[in-house]
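This is start.cif (mmCIF, C-alpha atoms).
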data_structure
#
loop_
_atom_site.label_atom_id
_atom_site.label_comp_id
_atom_site.auth_asym_id
_atom_site.auth_seq_id
_atom_site.Cartn_x
_atom_site.Cartn_y
_atom_site.Cartn_z
CA MET Z 1 117.33 82.62 109.55
CA LYS Z 2 115.34 85.03 107.46
CA LEU Z 3 111.61 84.64 108.08
CA LEU Z 4 110.71 85.35 104.46
CA THR Z 5 112.63 84.74 101.27
CA THR Z 6 112.34 87.25 98.45
CA SER Z 7 109.98 84.97 96.53
CA LEU Z 8 107.71 84.43 99.57
CA ARG Z 9 107.63 88.18 100.23
CA GLU Z 10 106.71 88.83 96.58
CA LYS Z 11 103.88 86.26 96.72
CA LEU Z 12 102.55 87.75 99.99
CA LEU Z 13 102.66 91.24 98.48
CA ALA Z 14 100.93 90.02 95.31
CA ASN Z 15 98.13 88.54 97.44
CA GLY Z 16 97.87 91.81 99.36
CA ARG Z 17 97.59 93.80 96.13
CA ALA Z 18 94.97 91.38 94.79
CA ASN Z 19 92.85 91.80 97.91
CA ARG Z 20 93.26 95.56 97.91
CA ASP Z 21 92.33 95.79 94.25
CA ALA Z 22 89.52 93.19 94.40
CA ASP Z 23 86.90 95.65 95.52
CA GLY Z 24 88.59 98.57 97.22
CA LEU Z 25 87.07 97.66 100.58
CA PRO Z 26 89.05 97.13 103.75
CA ARG Z 27 89.97 93.48 104.26
CA GLU Z 28 87.28 92.93 106.89
CA HIS Z 29 84.50 93.68 104.36
CA GLY Z 30 85.49 91.66 101.35
CA TYR Z 31 88.50 89.69 100.25
CA ILE Z 32 89.94 86.85 98.23
CA ASP Z 33 90.33 83.75 100.41
CA HIS Z 34 93.95 82.84 99.60
CA LYS Z 35 95.76 79.72 100.65
CA PRO Z 36 98.51 80.48 103.19
CA VAL Z 37 101.87 81.29 101.64
CA VAL Z 38 104.02 80.62 104.69
CA LYS Z 39 103.83 78.90 108.07
CA LEU Z 40 105.85 80.35 110.94
CA PHE Z 41 106.20 78.80 114.39
CA THR Z 42 108.07 79.02 117.67
CA PRO Z 43 110.28 75.92 117.95
CA ASP Z 44 110.31 76.20 121.75
CA GLY Z 45 106.69 77.25 122.22
CA ALA Z 46 103.15 76.75 120.97
CA ALA Z 47 102.71 79.75 118.65
CA THR Z 48 101.98 79.35 114.94
CA TRP Z 49 101.18 81.80 112.13
CA LEU Z 50 99.76 81.04 108.68
CA LEU Z 51 100.28 84.16 106.57
CA THR Z 52 98.48 84.86 103.31
CA GLU Z 53 99.44 88.41 102.43
CA ILE Z 54 101.41 91.56 103.15
CA ASP Z 55 99.76 94.96 103.07
CA PRO Z 56 101.23 96.65 99.97
CA ASP Z 57 100.82 100.04 101.66
CA ASP Z 58 102.64 98.88 104.82
CA PRO Z 59 105.14 96.10 103.99
CA ASP Z 60 105.72 95.36 107.70
CA ARG Z 61 102.06 94.38 108.15
CA ALA Z 62 101.05 90.81 107.29
CA PHE Z 63 97.64 89.13 107.48
CA GLY Z 64 96.89 85.58 108.44
CA LEU Z 65 95.76 83.11 111.07
CA CYS Z 66 97.55 83.66 114.36
CA ASP Z 67 97.68 81.09 117.15
CA LEU Z 68 99.63 82.10 120.24
CA GLY Z 69 98.96 78.78 121.93
CA PHE Z 70 96.17 79.93 124.25
CA GLY Z 71 93.36 77.98 122.56
CA CYS Z 72 91.84 80.84 120.59
CA PRO Z 73 93.39 81.23 117.11
CA GLU Z 74 92.38 84.44 115.33
CA LEU Z 75 92.55 86.02 111.91
CA GLY Z 76 94.40 89.31 112.04
CA TYR Z 77 97.41 91.43 111.25
CA VAL Z 78 100.92 90.99 112.62
CA SER Z 79 104.07 93.06 112.40
CA LEU Z 80 106.82 91.19 110.57
CA SER Z 81 109.52 93.15 112.39
CA GLU Z 82 107.97 92.18 115.73
CA LEU Z 83 107.83 88.52 114.68
CA ALA Z 84 111.51 88.71 113.73
CA SER Z 85 112.35 89.97 117.22
CA VAL Z 86 110.30 87.37 119.18
CA ARG Z 87 112.19 84.77 121.17
CA GLY Z 88 110.64 81.73 122.81
CA LYS Z 89 111.18 80.23 126.25
CA LEU Z 90 114.64 78.97 125.35
CA GLY Z 91 115.61 82.12 123.46
CA LEU Z 92 115.00 80.60 120.02
CA PRO Z 93 113.64 82.82 117.23
CA ILE Z 94 110.53 82.12 115.17
CA GLU Z 95 111.19 79.76 112.27
CA ARG Z 96 109.63 79.10 108.89
CA GLU Z 97 108.27 75.62 108.14
CA PHE Z 98 110.27 74.75 105.03
CA HIS Z 99 108.05 71.86 103.92
CA PHE Z 100 104.69 73.55 104.46
CA THR Z 101 102.30 73.02 101.55
CA PRO Z 102 98.85 74.53 102.10
CA ALA Z 103 95.98 72.11 101.63
CA MET Z 104 93.12 74.62 101.95
CA THR Z 105 92.25 78.28 102.09
CA LEU Z 106 92.89 80.47 105.10
CA SER Z 107 89.21 80.53 106.10
CA ALA Z 108 89.15 76.70 106.09
CA TYR Z 109 92.25 76.63 108.31
CA ALA Z 110 90.60 79.22 110.57
CA ASP Z 111 87.40 77.17 110.88
CA GLU Z 112 89.39 74.04 111.71
CA ALA Z 113 91.61 75.90 114.19
CA ARG Z 114 88.62 77.38 116.01
CA ALA Z 115 87.01 73.94 116.25
CA HIS Z 116 90.18 72.39 117.70
CA GLY Z 117 91.54 75.37 119.63
CA ALA Z 118 94.79 75.36 117.63
CA ILE Z 119 96.17 75.50 114.11
CA ARG Z 120 96.51 71.98 112.75
CA ALA Z 121 98.64 72.52 109.64
#
Translate this file's structure into structure tokens.
Amino acid sequence: MKLLTTSLREKLLANGRANRDADGLPREHGYIDHKPVVKLFTPDGAATWLLTEIDPDDPDRAFGLCDLGFGCPELGYVSLSELASVRGKLGLPIEREFHFTPAMTLSAYADEARAHGAIRA
């Protein structure tokens, strides 16, 4: 399965351009708090990613909330090509949650995930 459809990739890139153009600062200094566009997960593990944008200058680099299942979810960048190559304990690839509909912004998901030690989306 493809991790991202063309329309999801376009939305992620649009969010990345909006953040880049918002104030010209690196993401860590100022940004638009988007709702996640896509939820990825390991079907045979505990890892979850909520991605909000793709770096328009590096289309392999996505930003979002990353939870590897160790109790400390973090905001950060991930390589889409690396995610596509990851296999879980049973050899299954990462999947996209088809029915994911974001209920809040990424920072709200991050606050909740830090409080509970895991993404709860």
>> So that I can check the surroundings of Ile94 in chain Z, please list as a list in words every protein, DNA and RNA residue that reaches within 7 Å of it, counting all atoms listed in the file and ignoring chain neighbours fewer than 2 positions away.
In response: Leu40, Phe41, Thr42, Pro43, Leu83, Ala84, Val86, Arg87 and Leu92 of chain Z
> Of the candidates Z:Tyr77, Z:Tyr31, Z:Phe70, Z:Trp49, which one gets nearest to Gly117 in chain Z if we count all atoms listed in the file?
Replying inline: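 Of Z:Tyr77, Z:Tyr31, Z:Phe70, Z:Trp49, the one nearest Gly117 in chain Z is Z:Phe70, counting all atoms listed in the file.
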> Expressed in Å to a single decimal, how great is the separation between CA of Asn19 in chain Z and CA of Gly71 in chain Z?
Replying inline: 28.3 Å
>> Using only C-alpha atoms for the distances, tell me which of Z:Thr6, Z:Leu12, Z:Gly45, Z:Leu65 is nearest to Thr105 in chain Z.
In response: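 So, comparing all the options, the nearest one is Z:Leu65.
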>> Residue by residue, what does the PyMOL selection byres ((chain Z and resi 33-38) around 7) grab here? Present the result as JSON, numbers by chain.
In response: {"Z": [8, 12, 31, 32, 39, 40, 50, 51, 52, 102, 104, 105, 106, 107]}
> CA of Ala113 in chain Z and CA of Pro56 in chain Z, how far apart in Å?
Replying inline: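 Separating CA of Pro56 in chain Z from CA of Ala113 in chain Z is a distance of 26.9 Å.
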> If you measure from CA of Pro73 in chain Z to CA of Ala46 in chain Z, what distance in Å do you get, rounded to one decimal?
Replying inline: 11.4 Å
> Looking at only C-alpha atoms, which of Z:Tyr109, Z:Arg114, Z:Phe98, Z:Gly16 is the one that sits closest to Lys2 in chain Z?
Replying inline: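 Comparing Z:Tyr109, Z:Arg114, Z:Phe98, Z:Gly16 against Lys2 in chain Z, the winner is Z:Phe98.
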> Given the file above and the PyMOL selection byres ((chain Z and resi 78) around 9), which residues are selected, and can you give them as a list of chain:residue names?
Replying inline: Z:Asp60, Z:Arg61, Z:Ala62, Z:Phe63, Z:Gly64, Z:Cys66, Z:Gly76, Z:Tyr77, Z:Ser79, Z:Leu80, Z:Ser81, Z:Glu82, Z:Leu83
Next, dump the selected residues to file, keeping only C-alpha atoms, as a PDB file, in the frame of the given file.
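So the final result, stored in result-v3.pdb, reads:
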ATOM      1  CA  ASP Z  60     105.720  95.360 107.700  1.00  0.00           C
ATOM      2  CA  ARG Z  61     102.060  94.380 108.150  1.00  0.00           C
ATOM      3  CA  ALA Z  62     101.050  90.810 107.290  1.00  0.00           C
ATOM      4  CA  PHE Z  63      97.640  89.130 107.480  1.00  0.00           C
ATOM      5  CA  GLY Z  64      96.890  85.580 108.440  1.00  0.00           C
ATOM      6  CA  CYS Z  66      97.550  83.660 114.360  1.00  0.00           C
ATOM      7  CA  GLY Z  76      94.400  89.310 112.040  1.00  0.00           C
ATOM      8  CA  TYR Z  77      97.410  91.430 111.250  1.00  0.00           C
ATOM      9  CA  SER Z  79     104.070  93.060 112.400  1.00  0.00           C
ATOM     10  CA  LEU Z  80     106.820  91.190 110.570  1.00  0.00           C
ATOM     11  CA  SER Z  81     109.520  93.150 112.390  1.00  0.00           C
ATOM     12  CA  GLU Z  82     107.970  92.180 115.730  1.00  0.00           C
ATOM     13  CA  LEU Z  83     107.830  88.520 114.680  1.00  0.00           C
TER      14      LEU Z  83
END
